[in-house]
>>> print(open('model22.csv').read())   # CSV, C-alpha atoms and all ligand atoms
chain,number,residue,atom,x,y,z
M,259,MET,CA,-27.5,27.1,41.5
M,260,LYS,CA,-25.5,24.7,39.3
M,261,LEU,CA,-22.3,26.1,40.8
M,262,MET,CA,-23.5,25.6,44.3
M,263,ALA,CA,-24.3,22.0,43.5
M,264,ILE,CA,-20.7,21.5,42.2
M,265,ALA,CA,-19.1,23.1,45.3
M,266,GLU,CA,-21.1,20.9,47.6
M,267,ASP,CA,-20.4,17.6,45.8
M,268,SER,CA,-17.1,16.3,47.2
M,269,THR,CA,-16.9,13.7,44.3
M,270,ASP,CA,-16.6,16.6,41.8
M,271,ARG,CA,-14.0,18.3,44.0
M,272,ASN,CA,-12.0,15.0,44.3
M,273,ILE,CA,-12.1,14.5,40.5
M,274,LEU,CA,-10.9,18.1,39.9
M,275,SER,CA,-8.0,17.7,42.3
M,276,HIS,CA,-7.1,14.4,40.8
M,277,ILE,CA,-7.0,15.9,37.3
M,278,ILE,CA,-5.0,18.9,38.4
M,279,ARG,CA,-2.4,16.8,40.3
M,280,SER,CA,-2.2,14.2,37.5
M,281,ARG,CA,-1.4,16.8,34.8
M,282,ARG,CA,2.1,16.3,33.6
M,283,THR,CA,4.4,17.7,31.0
M,284,ILE,CA,4.8,14.7,28.6
M,285,LYS,CA,7.0,15.3,25.6
M,286,PRO,CA,6.4,13.9,22.1
M,287,HIS,CA,9.3,11.3,22.2
M,288,ASN,CA,7.1,9.6,24.8
M,289,TYR,CA,3.9,9.5,22.7
M,290,SER,CA,2.6,6.4,21.1
M,291,ASP,CA,1.2,6.3,17.5
M,292,LYS,CA,-2.4,6.1,18.7
M,293,PRO,CA,-4.4,8.7,16.8
M,294,VAL,CA,-6.2,11.4,18.7
M,295,ARG,CA,-9.9,11.9,18.0
M,296,LYS,CA,-10.9,15.3,16.6
M,297,GLU,CA,-13.8,15.6,19.1
M,298,PHE,CA,-11.2,15.5,21.9
M,299,ILE,CA,-9.2,18.3,20.4
M,300,GLU,CA,-12.5,20.3,19.9
M,301,GLU,CA,-13.3,19.9,23.5
M,302,ILE,CA,-9.8,20.9,24.6
M,303,ILE,CA,-10.2,24.1,22.5
M,304,GLU,CA,-13.7,24.7,23.8
M,305,ASN,CA,-12.4,24.5,27.4
M,306,ALA,CA,-9.5,26.8,26.6
M,307,ASN,CA,-12.1,29.3,25.4
M,308,TRP,CA,-13.7,29.3,28.8
M,309,ALA,CA,-10.6,30.8,30.5
M,310,PRO,CA,-10.9,34.2,32.2
M,311,SER,CA,-9.6,37.4,30.6
M,312,HIS,CA,-9.3,41.0,31.8
M,313,GLY,CA,-11.9,43.1,30.0
M,314,ARG,CA,-13.3,40.0,28.3
M,315,THR,CA,-10.8,40.4,25.4
M,316,TYR,CA,-10.5,36.6,25.0
M,317,PRO,CA,-7.1,37.1,23.4
M,318,TRP,CA,-6.1,33.4,22.8
M,319,ARG,CA,-5.8,32.2,19.3
M,320,PHE,CA,-5.0,28.6,18.2
M,321,PHE,CA,-3.6,27.0,15.1
M,322,VAL,CA,-4.2,23.2,15.1
M,323,TYR,CA,-1.9,20.9,13.1
M,324,GLY,CA,-2.8,17.2,12.7
M,325,VAL,CA,-0.7,14.4,11.4
M,326,GLU,CA,-1.0,15.4,7.7
M,327,ALA,CA,0.2,19.0,8.5
M,328,ARG,CA,3.1,18.2,10.7
M,329,GLU,CA,5.8,17.8,8.1
M,330,SER,CA,5.1,21.2,6.6
M,331,LEU,CA,5.0,22.8,10.2
M,332,ALA,CA,8.4,21.1,11.0
M,333,ASP,CA,9.9,22.5,7.7
M,334,THR,CA,8.4,26.0,8.4
M,335,LEU,CA,9.7,26.2,12.0
M,336,GLY,CA,13.0,24.6,11.1
M,337,THR,CA,13.6,27.2,8.4
M,338,ILE,CA,12.6,30.0,10.8
M,339,TYR,CA,15.0,28.6,13.4
M,340,CYS,CA,17.9,28.8,10.9
M,341,GLU,CA,16.9,32.3,9.8
M,342,ILE,CA,16.7,33.8,13.2
M,343,THR,CA,19.7,32.1,14.8
M,344,SER,CA,23.1,33.7,14.6
M,345,LYS,CA,26.1,31.5,13.7
M,346,GLU,CA,27.3,31.4,17.3
M,347,GLY,CA,23.8,30.8,18.7
M,348,PHE,CA,22.9,28.0,16.2
M,349,ARG,CA,22.6,24.5,17.9
M,350,GLU,CA,22.0,21.5,15.7
M,351,ASN,CA,20.4,19.6,18.6
M,352,LYS,CA,17.9,22.4,19.1
M,353,LEU,CA,16.9,22.3,15.4
M,354,THR,CA,16.6,18.5,15.4
M,355,GLY,CA,14.7,18.6,18.7
M,356,LEU,CA,12.2,21.1,17.4
M,357,LYS,CA,11.5,19.2,14.2
M,358,GLN,CA,11.4,15.8,16.0
M,359,ASN,CA,8.9,17.1,18.6
M,360,ILE,CA,6.6,18.2,15.8
M,361,LEU,CA,7.0,15.0,13.8
M,362,ASN,CA,6.4,12.8,16.9
M,363,ALA,CA,3.2,14.5,18.0
M,364,PRO,CA,-0.1,13.6,16.5
M,365,VAL,CA,-1.4,17.1,17.3
M,366,THR,CA,0.5,20.4,17.7
M,367,ILE,CA,-1.4,23.5,18.6
M,368,THR,CA,0.3,26.9,18.1
M,369,ILE,CA,-0.6,29.2,21.0
M,370,ALA,CA,-1.1,32.8,19.9
M,371,LEU,CA,-2.1,36.0,21.5
M,372,GLU,CA,-4.1,38.6,19.6
M,373,ARG,CA,-3.9,41.9,21.4
M,374,ASP,CA,-6.9,43.9,22.3
M,375,LYS,CA,-7.2,46.7,19.7
M,376,THR,CA,-8.4,49.3,22.2
M,377,GLY,CA,-5.1,49.0,24.0
M,378,LYS,CA,-6.9,49.2,27.4
M,379,ILE,CA,-5.7,45.9,28.6
M,380,SER,CA,-2.0,45.4,29.5
M,381,GLU,CA,0.1,42.9,27.6
M,382,ILE,CA,0.9,41.0,30.8
M,383,ASP,CA,-2.8,40.6,31.6
M,384,GLU,CA,-3.4,39.2,28.1
M,385,VAL,CA,-0.4,36.9,28.4
M,386,MET,CA,-1.7,35.7,31.7
M,387,ALA,CA,-5.2,35.1,30.2
M,388,VAL,CA,-3.6,32.9,27.4
M,389,ALA,CA,-1.7,31.0,30.1
M,390,CYS,CA,-5.0,30.3,31.8
M,391,ALA,CA,-6.4,29.0,28.5
M,392,VAL,CA,-3.4,26.7,28.0
M,393,GLN,CA,-3.9,25.3,31.5
M,394,ASN,CA,-7.5,24.6,30.7
M,395,MET,CA,-6.3,22.8,27.6
M,396,HIS,CA,-3.7,20.8,29.5
M,397,LEU,CA,-6.2,19.8,32.2
M,398,THR,CA,-8.8,18.7,29.6
M,399,ALA,CA,-6.1,16.7,27.8
M,400,THR,CA,-5.3,15.0,31.1
M,401,ALA,CA,-8.9,14.1,31.6
M,402,PHE,CA,-8.8,12.3,28.2
M,403,GLY,CA,-5.6,10.4,29.2
M,404,LEU,CA,-3.6,12.6,26.8
M,405,GLY,CA,-0.2,14.0,27.5
M,406,GLY,CA,0.6,17.7,26.8
M,407,PHE,CA,3.8,19.8,26.5
M,408,TRP,CA,4.0,23.6,26.2
M,409,SER,CA,7.2,24.4,24.5
M,410,THR,CA,8.4,28.0,24.2
M,411,ASN,CA,11.1,27.2,21.6
M,412,ILE,CA,12.6,30.4,20.1
M,413,ALA,CA,11.4,29.7,16.5
M,414,ALA,CA,7.8,29.0,17.8
M,415,THR,CA,7.8,32.3,19.8
M,416,SER,CA,9.4,34.4,17.1
M,417,ASP,CA,8.0,37.5,15.3
M,418,ARG,CA,8.9,35.7,12.1
M,419,TYR,CA,6.5,32.9,12.9
M,420,ARG,CA,3.9,35.4,14.1
M,421,ASP,CA,4.1,37.2,10.7
M,422,HIS,CA,3.9,33.8,8.9
M,423,LEU,CA,0.6,33.1,10.6
M,424,GLY,CA,-0.8,36.4,9.4
M,425,LEU,CA,-0.9,38.0,12.9
M,426,SER,CA,-0.2,41.7,13.4
M,427,GLY,CA,2.7,43.6,14.9
M,428,GLY,CA,1.5,43.7,18.5
M,429,ASP,CA,0.4,40.1,18.6
M,430,LYS,CA,2.5,37.3,19.8
M,431,VAL,CA,3.1,33.6,19.4
M,432,LEU,CA,3.6,32.0,22.7
M,433,GLY,CA,4.8,28.6,21.7
M,434,LEU,CA,3.6,25.1,20.7
M,435,PHE,CA,1.4,22.8,22.7
M,436,PHE,CA,2.0,19.2,21.8
M,437,ILE,CA,-0.6,16.5,22.5
M,438,GLY,CA,-0.5,12.7,22.2
M,439,TYR,CA,-1.1,9.5,24.1
M,440,PRO,CA,1.8,8.8,26.4
M,441,LYS,CA,3.6,5.5,26.4
M,442,SER,CA,4.0,6.1,30.2
M,443,TRP,CA,2.8,8.6,32.6
M,444,PRO,CA,5.6,10.2,34.7
M,445,ASP,CA,5.4,10.7,38.5
M,446,ALA,CA,5.9,14.1,40.0
M,447,ASN,CA,5.8,15.8,43.4
M,448,ARG,CA,5.6,19.3,44.8
M,449,GLY,CA,6.9,20.8,48.0
M,450,PRO,CA,4.7,21.6,51.0
M,451,THR,CA,2.5,24.6,50.6
M,452,ASP,CA,3.7,26.3,53.8
M,453,GLU,CA,6.9,27.1,51.8
M,454,ILE,CA,5.0,29.1,49.2
M,455,CYS,CA,2.2,30.6,51.1
M,456,LYS,CA,1.8,33.0,54.1
M,457,TRP,CA,-1.5,33.1,55.9
M,458,TYR,CA,-2.8,36.2,57.6
M,459,ASP,CA,-5.6,36.4,60.1
M,460,TRP,CA,-6.6,32.8,60.0
F,501,LIG,C1,4.9,28.9,29.9
F,501,LIG,C2,5.6,27.6,30.0
F,501,LIG,C3,6.6,27.3,29.0
F,501,LIG,C4,7.3,26.1,29.0
F,501,LIG,N1,8.3,25.9,28.1
F,501,LIG,C5,9.0,24.8,28.1
F,501,LIG,C6,10.1,24.6,27.2
F,501,LIG,O1,10.3,25.4,26.3
F,501,LIG,N2,10.8,23.4,27.3
F,501,LIG,C7,10.5,22.5,28.3
F,501,LIG,O2,11.3,21.5,28.3
F,501,LIG,N3,9.5,22.7,29.2
F,501,LIG,C8,8.8,23.8,29.1
F,501,LIG,N4,7.7,23.9,30.0
F,501,LIG,C9,7.3,22.8,30.8
F,501,LIG,C10,7.9,22.8,32.2
F,501,LIG,O3,9.3,22.3,32.0
F,501,LIG,C11,7.1,21.9,33.1
F,501,LIG,O4,5.9,22.4,33.3
F,501,LIG,C12,7.8,21.6,34.4
F,501,LIG,O5,8.9,20.8,34.2
F,501,LIG,C13,7.0,21.0,35.5
F,501,LIG,O6,6.5,19.7,35.0
F,501,LIG,P1,4.9,19.4,35.0
F,501,LIG,O7,4.3,20.3,33.9
F,501,LIG,O8,4.8,17.9,34.7
F,501,LIG,O9,4.3,19.7,36.4
F,501,LIG,C14,7.0,25.1,30.0
F,501,LIG,C15,6.0,25.4,30.9
F,501,LIG,C16,5.3,26.6,30.9
F,501,LIG,C17,4.2,26.8,31.9
>>> encode(input="model22.csv", output="structure tokens", more="lines below")
Ligand SMILES: Cc1cc2nc3c(=O)[nH]c(=O)nc-3n(C[C@H](O)[C@H](O)[C@H](O)COP(=O)(O)O)c2cc1C
Amino acid sequence: MKLMAIAEDSTDRNILSHIIRSRRTIKPHNYSDKPVRKEFIEEIIENANWAPSHGRTYPWRFFVYGVEARESLADTLGTIYCEITSKEGFRENKLTGLKQNILNAPVTITIALERDKTGKISEIDEVMAVACAVQNMHLTATAFGLGGFWSTNIAATSDRYRDHLGLSGGDKVLGLFFIGYPKSWPDANRGPTDEICKWYDW
């Protein structure tokens, strides 16, 4: 009954569309120093946990780093970046960028995937479920006026980092989600939907 009431209330639909279309990738160099309240992060995580997952495996796992933990995270991931990168592949700007992102964000959440132990659910389904959870996080952050940025930097998605977090062999780390109050909110646009959608029998 509650769901019917939501569907019939155009104000709720307008708010939802407004939040979805306002969500922007906003990177840590554009964050202010304003602290982020822990209750907001708790709600962001709670909403992530309401994402759908095939077989109800709820495969998302989160590691939340606040201001006091960011230096150690930057060191850990910086070291991992150096360890896993070949001489030819090493880019000083990538290393600096990774560390600066972590040091500029009041909150960094590592996105991880813990695989269903029965093996009944495919990896792609579980990855998609985690992506749904991250979108819930990003939309909730938007509703709080917070910017978010999902970064799939090579160190933050490496098996080395997965092992460091104590996850098992089949599990994955799917990157970092940065959160902070933006100094400015970027504009964006999208193309017309008739370019991405075919309609049948309508
Ligand atoms: C799974 C995923 C991984 C992403 N990884 C990166 C990344 O490593 N670096 C980056 O600059 N942006 C990354 N992005 C953000 C995209 O660049 C961003 O979503 C895109 O530019 C559209 O901007 P918008 O999010 O404001 O609509 C990622 C987005 C997704 C969904």
>>> residues_near_ligand(input="model22.csv", ligand="ligand LIG 501 (chain F)", cutoff="6 Å", atoms="all atoms listed in the file", output="PDB file with C-alpha atoms, in the frame of the given file")
ATOM      1  CA  ARG M 282       2.100  16.300  33.600  1.00  0.00           C
ATOM      2  CA  THR M 283       4.400  17.700  31.000  1.00  0.00           C
ATOM      3  CA  TRP M 408       4.000  23.600  26.200  1.00  0.00           C
ATOM      4  CA  SER M 409       7.200  24.400  24.500  1.00  0.00           C
ATOM      5  CA  THR M 410       8.400  28.000  24.200  1.00  0.00           C
ATOM      6  CA  ASN M 411      11.100  27.200  21.600  1.00  0.00           C
TER       7      ASN M 411
END
>>> closest_atom_pairs(input="model22.csv", of="stretch 311-413 of chain M", to="stretch 264-275 of chain M", cutoff="12 Å", atoms="only C-alpha atoms", output="JSON lines")
{"residue": "M:Asn394", "atom": "CA", "partner": "M:Leu274", "partner_atom": "CA", "distance": 11.8}
{"residue": "M:Leu397", "atom": "CA", "partner": "M:Leu274", "partner_atom": "CA", "distance": 9.2}
{"residue": "M:Thr398", "atom": "CA", "partner": "M:Leu274", "partner_atom": "CA", "distance": 10.5}
{"residue": "M:Thr400", "atom": "CA", "partner": "M:Leu274", "partner_atom": "CA", "distance": 10.9}
{"residue": "M:Ala401", "atom": "CA", "partner": "M:Leu274", "partner_atom": "CA", "distance": 9.4}
>>> residues_around(input="model22.csv", residues="M:Cys340", least_positions_apart="5", cutoff="9 Å", atoms="all atoms listed in the file", output="JSON, numbers by chain")
{"M": [335, 348, 353, 413]}
>>> write_last_selection(input="model22.csv", atoms="C-alpha atoms", output="PDB file, in the frame of the given file")
ATOM      1  CA  LEU M 335       9.700  26.200  12.000  1.00  0.00           C
ATOM      2  CA  PHE M 348      22.900  28.000  16.200  1.00  0.00           C
ATOM      3  CA  LEU M 353      16.900  22.300  15.400  1.00  0.00           C
ATOM      4  CA  ALA M 413      11.400  29.700  16.500  1.00  0.00           C
TER       5      ALA M 413
END
>>> closest_residue(input="model22.csv", among="M:Ser290, M:Ser330, M:Thr451, M:Gln393", to="M:Ala309", atoms="all atoms listed in the file")
M:Gln393
>>> atom_distance(input="model22.csv", atom1="atom CA of M:Thr343", atom2="atom CA of M:Ile360")
19.1 Å
>>> closest_residue(input="model22.csv", among="M:Ala399, M:Ile454, M:Ala414, M:Ile382", to="M:Ile303", atoms="all atoms listed in the file")
M:Ala399
>>> closest_residue(input="model22.csv", among="M:Arg373, M:Lys292, M:Lys357, M:His276", to="M:Tyr339", atoms="all atoms listed in the file")
M:Lys357
>>> atom_distance(input="model22.csv", atom1="atom CA of M:Ala363", atom2="atom CA of M:Gly438")
5.9 Å
>>> atom_distance(input="model22.csv", atom1="atom CA of M:Leu404", atom2="atom CA of M:Phe435")
12.1 Å
>>> closest_residue(input="model22.csv", among="M:Gly313, M:Gly427, M:Gly355, M:Pro286", to="M:Asp383", atoms="only C-alpha atoms")
M:Gly313
>>> closest_residue(input="model22.csv", among="M:Leu331, M:Val365, M:Ile338, M:Ala306", to="M:Cys390", atoms="all atoms listed in the file")
M:Ala306
>>> closest_residue(input="model22.csv", among="M:Thr334, M:Thr354, M:Thr415, M:Asn288", to="M:Thr368", atoms="all atoms listed in the file")
M:Thr415
>>> residues_around(input="model22.csv", residues="M:Val388", least_positions_apart="4", cutoff="9 Å", atoms="only C-alpha atoms", output="VMD selection string")
chain M and resid 306 309 to 311 316 to 319 369 to 371 383 to 384 392 to 393 432
>>> build_atoms(input="model22.csv", residues="stretch 360-376 of chain M", atoms="N, CA and C atoms", output="mmCIF file, in the coordinates of the input")
data_model
loop_
_atom_site.group_PDB
_atom_site.id
_atom_site.type_symbol
_atom_site.label_atom_id
_atom_site.label_comp_id
_atom_site.auth_asym_id
_atom_site.auth_seq_id
_atom_site.Cartn_x
_atom_site.Cartn_y
_atom_site.Cartn_z
ATOM 1 N N ILE M 360 7.730 18.008 16.650
ATOM 2 C CA ILE M 360 6.600 18.200 15.800
ATOM 3 C C ILE M 360 6.224 16.887 15.060
ATOM 4 N N LEU M 361 7.261 16.189 14.584
ATOM 5 C CA LEU M 361 7.000 15.000 13.800
ATOM 6 C C LEU M 361 6.537 13.810 14.688
ATOM 7 N N ASN M 362 6.840 13.867 15.978
ATOM 8 C CA ASN M 362 6.400 12.800 16.900
ATOM 9 C C ASN M 362 5.044 13.014 17.505
ATOM 10 N N ALA M 363 4.510 14.223 17.345
ATOM 11 C CA ALA M 363 3.200 14.500 18.000
ATOM 12 C C ALA M 363 2.064 14.386 17.005
ATOM 13 N N PRO M 364 1.026 13.640 17.355
ATOM 14 C CA PRO M 364 -0.100 13.600 16.500
ATOM 15 C C PRO M 364 -0.870 14.900 16.347
ATOM 16 N N VAL M 365 -0.728 15.732 17.360
ATOM 17 C CA VAL M 365 -1.400 17.100 17.300
ATOM 18 C C VAL M 365 -0.418 18.097 17.893
ATOM 19 N N THR M 366 -0.282 19.196 17.157
ATOM 20 C CA THR M 366 0.500 20.400 17.700
ATOM 21 C C THR M 366 -0.449 21.566 17.550
ATOM 22 N N ILE M 367 -0.548 22.304 18.639
ATOM 23 C CA ILE M 367 -1.400 23.500 18.600
ATOM 24 C C ILE M 367 -0.471 24.717 18.871
ATOM 25 N N THR M 368 -0.435 25.632 17.921
ATOM 26 C CA THR M 368 0.300 26.900 18.100
ATOM 27 C C THR M 368 -0.542 27.795 18.999
ATOM 28 N N ILE M 369 0.106 28.315 20.057
ATOM 29 C CA ILE M 369 -0.600 29.200 21.000
ATOM 30 C C ILE M 369 -0.264 30.631 20.610
ATOM 31 N N ALA M 370 -1.293 31.406 20.331
ATOM 32 C CA ALA M 370 -1.100 32.800 19.900
ATOM 33 C C ALA M 370 -1.902 33.744 20.775
ATOM 34 N N LEU M 371 -1.471 34.996 20.742
ATOM 35 C CA LEU M 371 -2.100 36.000 21.500
ATOM 36 C C LEU M 371 -2.470 37.181 20.539
ATOM 37 N N GLU M 372 -3.750 37.473 20.403
ATOM 38 C CA GLU M 372 -4.100 38.600 19.600
ATOM 39 C C GLU M 372 -4.492 39.758 20.513
ATOM 40 N N ARG M 373 -3.709 40.830 20.436
ATOM 41 C CA ARG M 373 -3.900 41.900 21.400
ATOM 42 C C ARG M 373 -5.177 42.678 21.162
ATOM 43 N N ASP M 374 -5.738 43.096 22.284
ATOM 44 C CA ASP M 374 -6.900 43.900 22.300
ATOM 45 C C ASP M 374 -6.657 45.223 21.513
ATOM 46 N N LYS M 375 -7.510 45.519 20.542
ATOM 47 C CA LYS M 375 -7.200 46.700 19.700
ATOM 48 C C LYS M 375 -7.401 48.023 20.387
ATOM 49 N N THR M 376 -8.198 48.049 21.469
ATOM 50 C CA THR M 376 -8.400 49.300 22.200
ATOM 51 C C THR M 376 -7.157 49.701 22.986
#
